[in-house]
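This is run_0.cif. It holds mmCIF, C-alpha atoms.
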```
data_start
loop_
_atom_site.label_atom_id
_atom_site.label_comp_id
_atom_site.auth_asym_id
_atom_site.auth_seq_id
_atom_site.Cartn_x
_atom_site.Cartn_y
_atom_site.Cartn_z
CA MET A 26 11.53 84.51 244.73
CA VAL A 27 10.13 86.31 241.71
CA LEU A 28 8.28 83.22 240.56
CA ASP A 29 6.93 82.57 244.06
CA ALA A 30 5.55 86.12 244.26
CA LEU A 31 3.99 85.88 240.80
CA LEU A 32 2.33 82.55 241.55
CA ASP A 33 1.01 83.80 244.91
CA GLU A 34 -0.33 87.12 243.67
CA ALA A 35 -1.32 86.23 240.06
CA HIS A 36 -0.74 89.93 239.42
CA VAL A 37 2.41 91.55 238.08
CA SER A 38 2.12 94.87 239.92
CA ARG A 39 1.32 93.31 243.31
CA ALA A 40 4.15 90.80 242.91
CA ALA A 41 6.53 93.65 242.05
CA GLU A 42 5.48 95.64 245.12
CA ARG A 43 5.83 92.56 247.34
CA ILE A 44 9.51 92.00 246.58
CA GLY A 45 10.55 95.59 245.81
CA LEU A 46 10.87 95.56 242.02
CA SER A 47 9.47 98.01 239.51
CA GLN A 48 6.55 96.86 237.39
CA PRO A 49 8.64 96.77 234.17
CA ALA A 50 11.35 94.74 235.95
CA MET A 51 8.77 92.25 237.16
CA SER A 52 7.27 91.98 233.66
CA SER A 53 10.74 91.20 232.30
CA ALA A 54 11.27 88.63 235.05
CA LEU A 55 7.95 86.99 234.16
CA GLU A 56 9.09 86.69 230.56
CA ARG A 57 12.33 85.01 231.70
CA CYS A 58 10.35 82.58 233.84
CA ARG A 59 8.08 81.81 230.89
CA HIS A 60 11.13 81.04 228.78
CA LEU A 61 12.74 78.94 231.53
CA PHE A 62 9.65 76.78 232.09
CA ALA A 63 8.40 76.84 228.47
CA ASP A 64 4.94 77.90 229.67
CA ARG A 65 2.88 81.09 229.83
CA LEU A 66 2.51 80.65 233.65
CA LEU A 67 0.08 83.59 233.91
CA GLU A 68 -2.67 84.18 231.36
CA ARG A 69 -5.48 86.67 231.14
CA GLY A 70 -8.83 85.34 232.37
CA ALA A 71 -12.30 86.76 232.90
CA GLY A 72 -11.43 88.38 236.24
CA GLY A 73 -7.76 89.13 235.66
CA MET A 74 -4.63 86.96 235.45
CA VAL A 75 -4.96 83.23 236.16
CA LEU A 76 -2.36 80.52 236.68
CA THR A 77 -1.85 77.94 233.98
CA PRO A 78 -2.00 74.26 235.04
CA LYS A 79 1.81 74.11 234.98
CA ALA A 80 2.04 77.21 237.19
CA GLN A 81 -0.37 75.63 239.69
CA ALA A 82 1.82 72.53 239.77
CA LEU A 83 4.95 74.65 240.33
CA ALA A 84 3.60 76.65 243.29
CA ALA A 85 4.24 74.13 246.08
CA PRO A 86 7.68 72.92 244.82
CA VAL A 87 8.87 76.53 244.51
CA LYS A 88 7.94 77.17 248.15
CA GLU A 89 9.75 73.96 249.18
CA VAL A 90 12.89 75.18 247.42
CA LEU A 91 12.69 78.61 249.05
CA ALA A 92 12.12 77.11 252.49
CA GLY A 93 15.12 74.83 252.06
CA MET A 94 17.33 77.68 250.91
CA ALA A 95 16.25 79.85 253.84
CA ALA A 96 17.07 77.08 256.30
CA LEU A 97 20.46 76.53 254.62
CA LEU A 98 21.47 80.19 254.47
CA ASP A 99 20.24 81.28 257.89
CA ARG A 100 20.89 78.80 260.67
CA SER A 101 20.73 81.48 263.36
CA GLU A 102 17.52 82.17 265.26
CA PRO A 103 16.61 85.85 264.80
CA GLU A 104 15.41 87.94 267.71
CA LEU A 105 11.63 88.10 267.67
CA ALA A 106 11.73 91.86 268.19
CA THR A 107 13.62 92.29 264.91
CA ILE A 108 11.39 90.13 262.71
CA ARG A 109 9.31 92.14 260.24
CA ARG A 110 6.77 89.73 258.83
CA THR A 111 3.07 89.14 258.11
CA VAL A 112 1.70 85.82 259.38
CA ARG A 113 -1.54 84.80 257.67
CA VAL A 114 -3.90 82.86 259.93
CA VAL A 115 -7.17 81.17 259.00
CA MET A 116 -9.52 81.14 261.98
CA ALA A 117 -13.28 81.16 262.55
CA ASP A 118 -14.76 84.45 263.69
CA LEU A 119 -15.47 83.79 267.35
CA PRO A 120 -12.04 82.42 268.30
CA ALA A 121 -10.56 85.38 266.43
CA VAL A 122 -12.76 87.89 268.27
CA ALA A 123 -12.19 86.21 271.64
CA THR A 124 -8.40 86.10 271.33
CA GLY A 125 -7.61 88.99 268.96
CA PRO A 126 -7.10 91.82 271.48
CA ALA A 127 -4.91 89.71 273.79
CA LEU A 128 -2.94 88.38 270.81
CA GLN A 129 -2.20 91.91 269.63
CA ARG A 130 -1.09 92.95 273.12
CA ARG A 131 1.24 89.95 273.40
CA LEU A 132 2.74 90.66 269.97
CA ALA A 133 3.22 94.33 270.81
CA GLN A 134 5.34 93.23 273.78
CA THR A 135 7.29 90.40 272.17
CA ALA A 136 7.36 90.90 268.39
CA PRO A 137 6.02 94.35 267.49
CA SER A 138 6.88 94.09 263.79
CA ILE A 139 4.94 90.86 263.24
CA THR A 140 1.54 91.53 261.69
CA VAL A 141 -1.16 88.87 261.98
CA ALA A 142 -3.61 88.80 259.07
CA ILE A 143 -6.78 86.89 260.00
CA MET A 144 -8.19 85.15 256.92
CA PRO A 145 -11.80 83.90 256.59
CA TRP A 146 -12.51 80.29 257.49
CA HIS A 147 -14.16 78.14 254.79
CA GLY A 148 -13.74 74.70 256.33
CA ALA A 149 -10.89 72.35 257.17
CA ALA A 150 -10.28 71.18 253.60
CA ALA A 151 -9.85 74.74 252.33
CA ALA A 152 -7.56 75.56 255.27
CA LEU A 153 -5.30 72.58 254.56
CA ASP A 154 -5.24 73.49 250.88
CA GLY A 155 -4.11 77.01 251.76
CA LEU A 156 -1.42 75.68 254.08
CA GLY A 157 -0.19 73.33 251.38
CA ARG A 158 -0.09 76.03 248.72
CA GLY A 159 1.55 78.51 251.07
CA SER A 160 -1.18 81.16 250.80
CA ILE A 161 -1.66 80.89 254.58
CA ASP A 162 0.83 80.13 257.34
CA LEU A 163 -1.30 78.85 260.21
CA ALA A 164 -4.85 77.55 260.61
CA VAL A 165 -7.18 77.06 263.56
CA SER A 166 -9.95 74.62 262.69
CA VAL A 167 -11.28 71.13 263.28
CA PHE A 168 -8.82 68.75 261.62
CA PRO A 169 -9.88 65.11 262.23
CA LYS A 170 -6.69 64.01 260.47
CA VAL A 171 -3.84 65.53 258.48
CA ASP A 172 -1.20 64.24 256.08
CA PRO A 173 2.42 63.81 257.24
CA ASP A 174 3.29 67.13 255.56
CA PHE A 175 1.34 68.97 258.28
CA THR A 176 1.72 69.42 262.02
CA ARG A 177 -1.51 69.41 264.06
CA ARG A 178 -1.92 70.41 267.73
CA GLU A 179 -5.06 70.07 269.83
CA LEU A 180 -6.11 73.35 271.47
CA LEU A 181 -9.30 72.38 273.30
CA GLN A 182 -12.28 70.03 273.44
CA GLU A 183 -15.64 71.60 272.66
CA ARG A 184 -19.25 70.51 273.26
CA TYR A 185 -22.52 71.68 271.71
CA ARG A 186 -25.41 73.57 273.30
CA VAL A 187 -28.85 74.40 271.94
CA ALA A 188 -29.31 78.18 271.98
CA MET A 189 -32.39 80.38 271.60
CA ARG A 190 -33.64 83.74 272.84
CA ARG A 191 -34.50 83.76 276.52
CA ASP A 192 -38.25 84.33 275.95
CA HIS A 193 -38.49 81.80 273.10
CA PRO A 194 -41.76 79.81 273.03
CA ALA A 195 -39.78 76.55 273.32
CA ALA A 196 -37.74 77.65 276.34
CA ASP A 197 -40.25 76.72 279.06
CA THR A 198 -40.84 73.11 277.97
CA PHE A 199 -37.79 72.38 275.88
CA ASP A 200 -37.54 68.86 274.45
CA LEU A 201 -36.89 67.15 271.12
CA ASP A 202 -40.30 67.97 269.67
CA ARG A 203 -40.07 71.62 270.65
CA TRP A 204 -36.52 71.77 269.28
CA LEU A 205 -37.63 70.52 265.88
CA ALA A 206 -40.79 72.64 265.77
CA TYR A 207 -38.82 75.80 264.95
CA PRO A 208 -36.39 76.68 262.14
CA HIS A 209 -32.68 76.32 262.85
CA VAL A 210 -29.73 78.62 262.20
CA LEU A 211 -26.83 76.67 260.66
CA VAL A 212 -23.29 78.06 260.61
CA SER A 213 -21.24 76.97 257.60
CA GLY A 214 -18.34 78.70 255.90
CA ARG A 215 -19.19 76.73 252.74
CA GLY A 216 -22.94 77.33 252.74
CA ASP A 217 -23.82 73.73 253.64
CA THR A 218 -27.46 73.07 254.54
CA HIS A 219 -26.88 69.56 255.88
CA GLY A 220 -24.54 68.42 258.64
CA PRO A 221 -23.81 65.69 261.19
CA LEU A 222 -26.87 66.68 263.24
CA ASP A 223 -29.14 65.94 260.28
CA GLU A 224 -27.57 62.49 259.98
CA ALA A 225 -28.15 61.85 263.69
CA LEU A 226 -31.79 62.93 263.36
CA ALA A 227 -32.27 60.72 260.31
CA ARG A 228 -31.24 57.70 262.38
CA ILE A 229 -34.29 58.29 264.58
CA ASN A 230 -36.51 59.20 261.60
CA ARG A 231 -36.64 62.91 262.40
CA VAL A 232 -35.72 65.98 260.37
CA ARG A 233 -35.21 69.64 261.12
CA GLN A 234 -35.95 72.76 259.08
CA VAL A 235 -32.95 74.97 258.38
CA GLY A 236 -34.24 78.52 258.36
CA MET A 237 -30.98 80.27 257.54
CA VAL A 238 -27.33 79.43 256.84
CA VAL A 239 -24.73 82.02 257.86
CA PRO A 240 -20.93 81.97 257.46
CA SER A 241 -20.07 83.02 261.00
CA PHE A 242 -21.05 82.44 264.61
CA ILE A 243 -21.12 86.18 265.25
CA MET A 244 -23.94 86.49 262.72
CA ALA A 245 -25.85 83.64 264.37
CA LEU A 246 -26.18 85.25 267.81
CA PRO A 247 -28.27 88.32 266.81
CA LEU A 248 -30.45 86.10 264.63
CA LEU A 249 -31.20 83.92 267.65
CA ALA A 250 -31.80 86.91 269.89
CA GLU A 251 -34.28 88.54 267.51
CA SER A 252 -36.22 85.60 266.00
CA ASP A 253 -37.78 82.23 266.79
CA MET A 254 -34.88 80.40 265.19
CA ILE A 255 -32.82 77.96 267.26
CA GLY A 256 -29.12 77.19 266.93
CA LEU A 257 -26.84 74.30 267.85
CA LEU A 258 -23.61 76.09 268.75
CA PRO A 259 -20.31 75.25 270.45
CA SER A 260 -20.50 76.25 274.10
CA ARG A 261 -17.66 78.78 273.75
CA CYS A 262 -19.75 80.64 271.18
CA LEU A 263 -22.06 81.69 274.04
CA PRO A 264 -19.98 84.10 276.12
CA GLU A 265 -21.27 85.58 279.37
CA ARG A 266 -22.15 88.89 277.75
CA VAL A 267 -24.93 87.32 275.59
CA ARG A 268 -26.54 85.24 278.30
CA SER A 269 -29.00 87.97 279.26
CA GLU A 270 -30.55 87.50 275.81
CA ILE A 271 -29.74 83.86 275.01
CA VAL A 272 -30.60 80.72 276.96
CA ALA A 273 -28.83 77.40 276.31
CA PHE A 274 -29.83 73.77 276.84
CA GLU A 275 -28.20 70.39 276.50
CA PRO A 276 -29.17 68.84 273.15
CA PRO A 277 -32.12 66.44 273.52
CA ILE A 278 -30.23 63.81 271.53
CA ALA A 279 -26.57 62.82 271.79
CA VAL A 280 -24.43 65.23 269.76
CA GLU A 281 -20.72 64.49 269.65
CA GLY A 282 -18.38 67.37 270.43
CA PHE A 283 -15.12 68.06 268.67
CA ALA A 284 -11.48 68.99 269.17
CA LEU A 285 -10.22 72.33 267.88
CA HIS A 286 -6.70 72.25 266.42
CA SER A 287 -4.01 74.49 265.09
CA ALA A 288 -2.04 73.30 262.07
CA TRP A 289 0.80 74.36 259.80
CA HIS A 290 2.79 72.91 256.93
CA LYS A 291 6.19 71.39 257.67
CA ARG A 292 7.74 74.27 255.69
CA ARG A 293 6.74 76.54 258.59
CA ALA A 294 8.09 74.29 261.35
CA ALA A 295 11.31 76.34 261.68
CA ASP A 296 9.76 79.72 260.90
CA PRO A 297 10.18 81.73 264.13
CA ALA A 298 7.41 84.21 263.32
CA VAL A 299 4.83 81.53 262.54
CA GLN A 300 5.81 79.41 265.52
CA HIS A 301 5.66 82.39 267.88
CA VAL A 302 2.15 83.29 266.69
CA ALA A 303 1.15 79.61 266.92
CA ARG A 304 2.33 79.43 270.54
CA LEU A 305 0.46 82.60 271.49
CA ILE A 306 -2.75 81.45 269.82
CA GLU A 307 -2.49 78.06 271.51
CA GLU A 308 -2.15 79.69 274.92
CA LEU A 309 -5.07 82.06 274.34
CA VAL A 310 -7.49 79.64 272.68
CA SER A 311 -6.88 76.84 275.17
CA ALA A 312 -7.66 79.29 278.00
CA LEU A 313 -11.10 80.26 276.65
CA PRO A 314 -13.81 79.46 279.22
CA GLY A 315 -16.17 76.63 278.29
#
```

Write the structure described by the file as structure tokens, please.
Amino acid sequence: MVLDALLDEAHVSRAAERIGLSQPAMSSALERCRHLFADRLLERGAGGMVLTPKAQALAAPVKEVLAGMAALLDRSEPELATIRRTVRVVMADLPAVATGPALQRRLAQTAPSITVAIMPWHGAAAALDGLGRGSIDLAVSVFPKVDPDFTRRELLQERYRVAMRRDHPAADTFDLDRWLAYPHVLVSGRGDTHGPLDEALARINRVRQVGMVVPSFIMALPLLAESDMIGLLPSRCLPERVRSEIVAFEPPIAVEGFALHSAWHKRRAADPAVQHVARLIEELVSALPG
């Protein structure tokens, strides 16, 4: 448990606080771990402590061991109301905003000591990496495929709409040419400036200008409302409350939609806190109006 906390936090004081040890006791424990594994494990880097390559390789196996021990020692299912736990969830901003209040209300009724920590979304690959390393417990993202170590559940099917301000110059006679005549807002948690739409346009020898890349859908909506930029957004990113300012059209070329999934590592399959939060999120996300 000490090693798991040290590898997660990469910080002696935070690891000590996490498992209830004093800072000197945690420093001594780190030295014992270094002796046991014949490796420094944590070293000073430019921005603080960093994991050595061996420590990085140990992180996942240590979590596997702890998960196995927990399953062996506690076969009983605890009452949700008694579980005191933080469940870390990676989720894009708009699903989080749309479901957050209802999720908190449901947890207050069923598991008041479970805290959900919403973590920023940086793409499916980063989410799966976090699940594998154990730095997050649950992810909501687009996962076209996952390895056998992960469980994936489909939450909903989404389609794309072209969005712009209601009095946009292209709104009256919207077509492909008008669409491409104005700069586009692109949403990417990784800062990408090229996506599947650009590949589809290239197949018909057309290109678009990306005017701005933002990390969240919430940031995209005011940009559309207050500029001549145009966005290609999932339909559920255009709630009723913004439709007085934003108008939406079907894309003038075929744009494939996507399935939104939840996913967790097999280590969390028997974790009652994670599974309870996963069930609540599934109910709330799948009920979002299209």

Inset, instruction - Could you tell me which residues the PyMOL selection byres ((chain A and resi 189) around 7) grabs in this file, written as a list in words? - result: Val187, Ala188, Arg190, Arg191, His193, Leu249, Ala250, Met254, Ile255, Gly256, Ile271, Val272 and Ala273 of chain A

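Put simply, atom CA of Leu305 of chain A is 7.6 Å away from atom CA of Arg131 of chain A.
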
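The result of the PyMOL selection byres ((chain A and resi 237) around 9) on the shown file is Pro208, His209, Val210, Leu211, Val212, Thr218, Val235, Gly236, Val238, Val239 and Met254 of chain A.
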
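Residues in contact with Ile278 of chain A at up to 10 Å, not including ones fewer than 3 positions away on its chain and judged by only C-alpha atoms, are A:Asp200, A:Leu201, A:Leu222, A:Ala225, A:Leu226, A:Ile229, A:Glu275, A:Glu281.
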
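Our summary of the geometry notes that atom CA of Ala80 of chain A is positioned 14.5 Å from atom CA of Ser160 of chain A.
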
Legend entry - Shell around Glu34 of chain A at 12 Å using only C-alpha atoms, local window under 3 positions removed, as a ChimeraX atom specification: /A:27-31,37-44,67,73-76,84,159-160

Inset, instruction - Between A:Leu309, A:Ile139, A:Pro277, A:Gly157, single out the one closest to Arg203 of chain A, counting all atoms listed in the file. - result: A:Pro277

5 Å per side around segment 271-285 of chain A: axis-aligned box centre and edge lengths, as JSON:
```
{"center_x": -21.2, "center_y": 73.3, "center_z": 272.4, "size_x": 31.9, "size_y": 31.0, "size_z": 19.1}
```

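When the PyMOL selection byres ((chain A and resi 153) around 9) is evaluated against the file, it yields Gly148, Ala149, Ala150, Ala151, Ala152, Asp154, Gly155, Leu156, Gly157, Arg158, Ala164, Phe168, Val171, Phe175, Ala288, Trp289 and His290 of chain A.
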
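Considering the residues A:Leu128, A:Leu258, A:Leu248, A:Ala117 and counting only C-alpha atoms, Thr140 of chain A has its shortest atom-to-atom contact with A:Leu128.
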
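Among the candidate residues A:Leu263, A:Leu257, A:Met51, A:Cys58, the one lying nearest to Trp204 of chain A is A:Leu257, with distances computed using all atoms listed in the file.
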
So that I can check the surroundings of segment 134-137 of chain A, please list as a PDB file with C-alpha atoms, keeping the file's coordinate frame every protein, DNA and RNA residue that reaches within 9 Å of it, counting only C-alpha atoms and ignoring chain neighbours fewer than 4 positions away.
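Result saved to out-v4.pdb:
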```pdb
ATOM      1  CA  GLU A 104      15.410  87.940 267.710  1.00  0.00           C
ATOM      2  CA  LEU A 105      11.630  88.100 267.670  1.00  0.00           C
ATOM      3  CA  ALA A 106      11.730  91.860 268.190  1.00  0.00           C
ATOM      4  CA  THR A 107      13.620  92.290 264.910  1.00  0.00           C
ATOM      5  CA  ILE A 108      11.390  90.130 262.710  1.00  0.00           C
ATOM      6  CA  ARG A 109       9.310  92.140 260.240  1.00  0.00           C
ATOM      7  CA  GLN A 129      -2.200  91.910 269.630  1.00  0.00           C
ATOM      8  CA  ARG A 130      -1.090  92.950 273.120  1.00  0.00           C
ATOM      9  CA  ALA A 298       7.410  84.210 263.320  1.00  0.00           C
ATOM     10  CA  HIS A 301       5.660  82.390 267.880  1.00  0.00           C
TER      11      HIS A 301
END
```

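Compared by their closest atoms to Leu285 of chain A, and using all atoms listed in the file, the residues A:Ser213, A:Ser166, A:Thr198, A:Ser269 rank with A:Ser166 nearest.
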
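Minimum atom-to-atom distances from A:Glu251, A:Asp118, A:Ser287, A:Arg261 to Gly214 of chain A were compared using all atoms listed in the file, and the lowest value belongs to A:Asp118.
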
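Among the candidates A:Pro86, A:Val310, A:Ser252, A:Pro240, the one nearest to Gly125 of chain A when counting only C-alpha atoms is A:Val310.
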
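Taking atom CA of Val112 of chain A and atom CA of Val141 of chain A as endpoints, the distance between them is 4.9 Å.
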
Inset, instruction - For Ala312 of chain A, please output as a PyMOL selection string all residues within 12 Å (counting all atoms listed in the file; exclusion window: fewer than 2 positions along the same chain). - result: chain A and resi 120+123-124+127+180-182+261+305-310+314-315
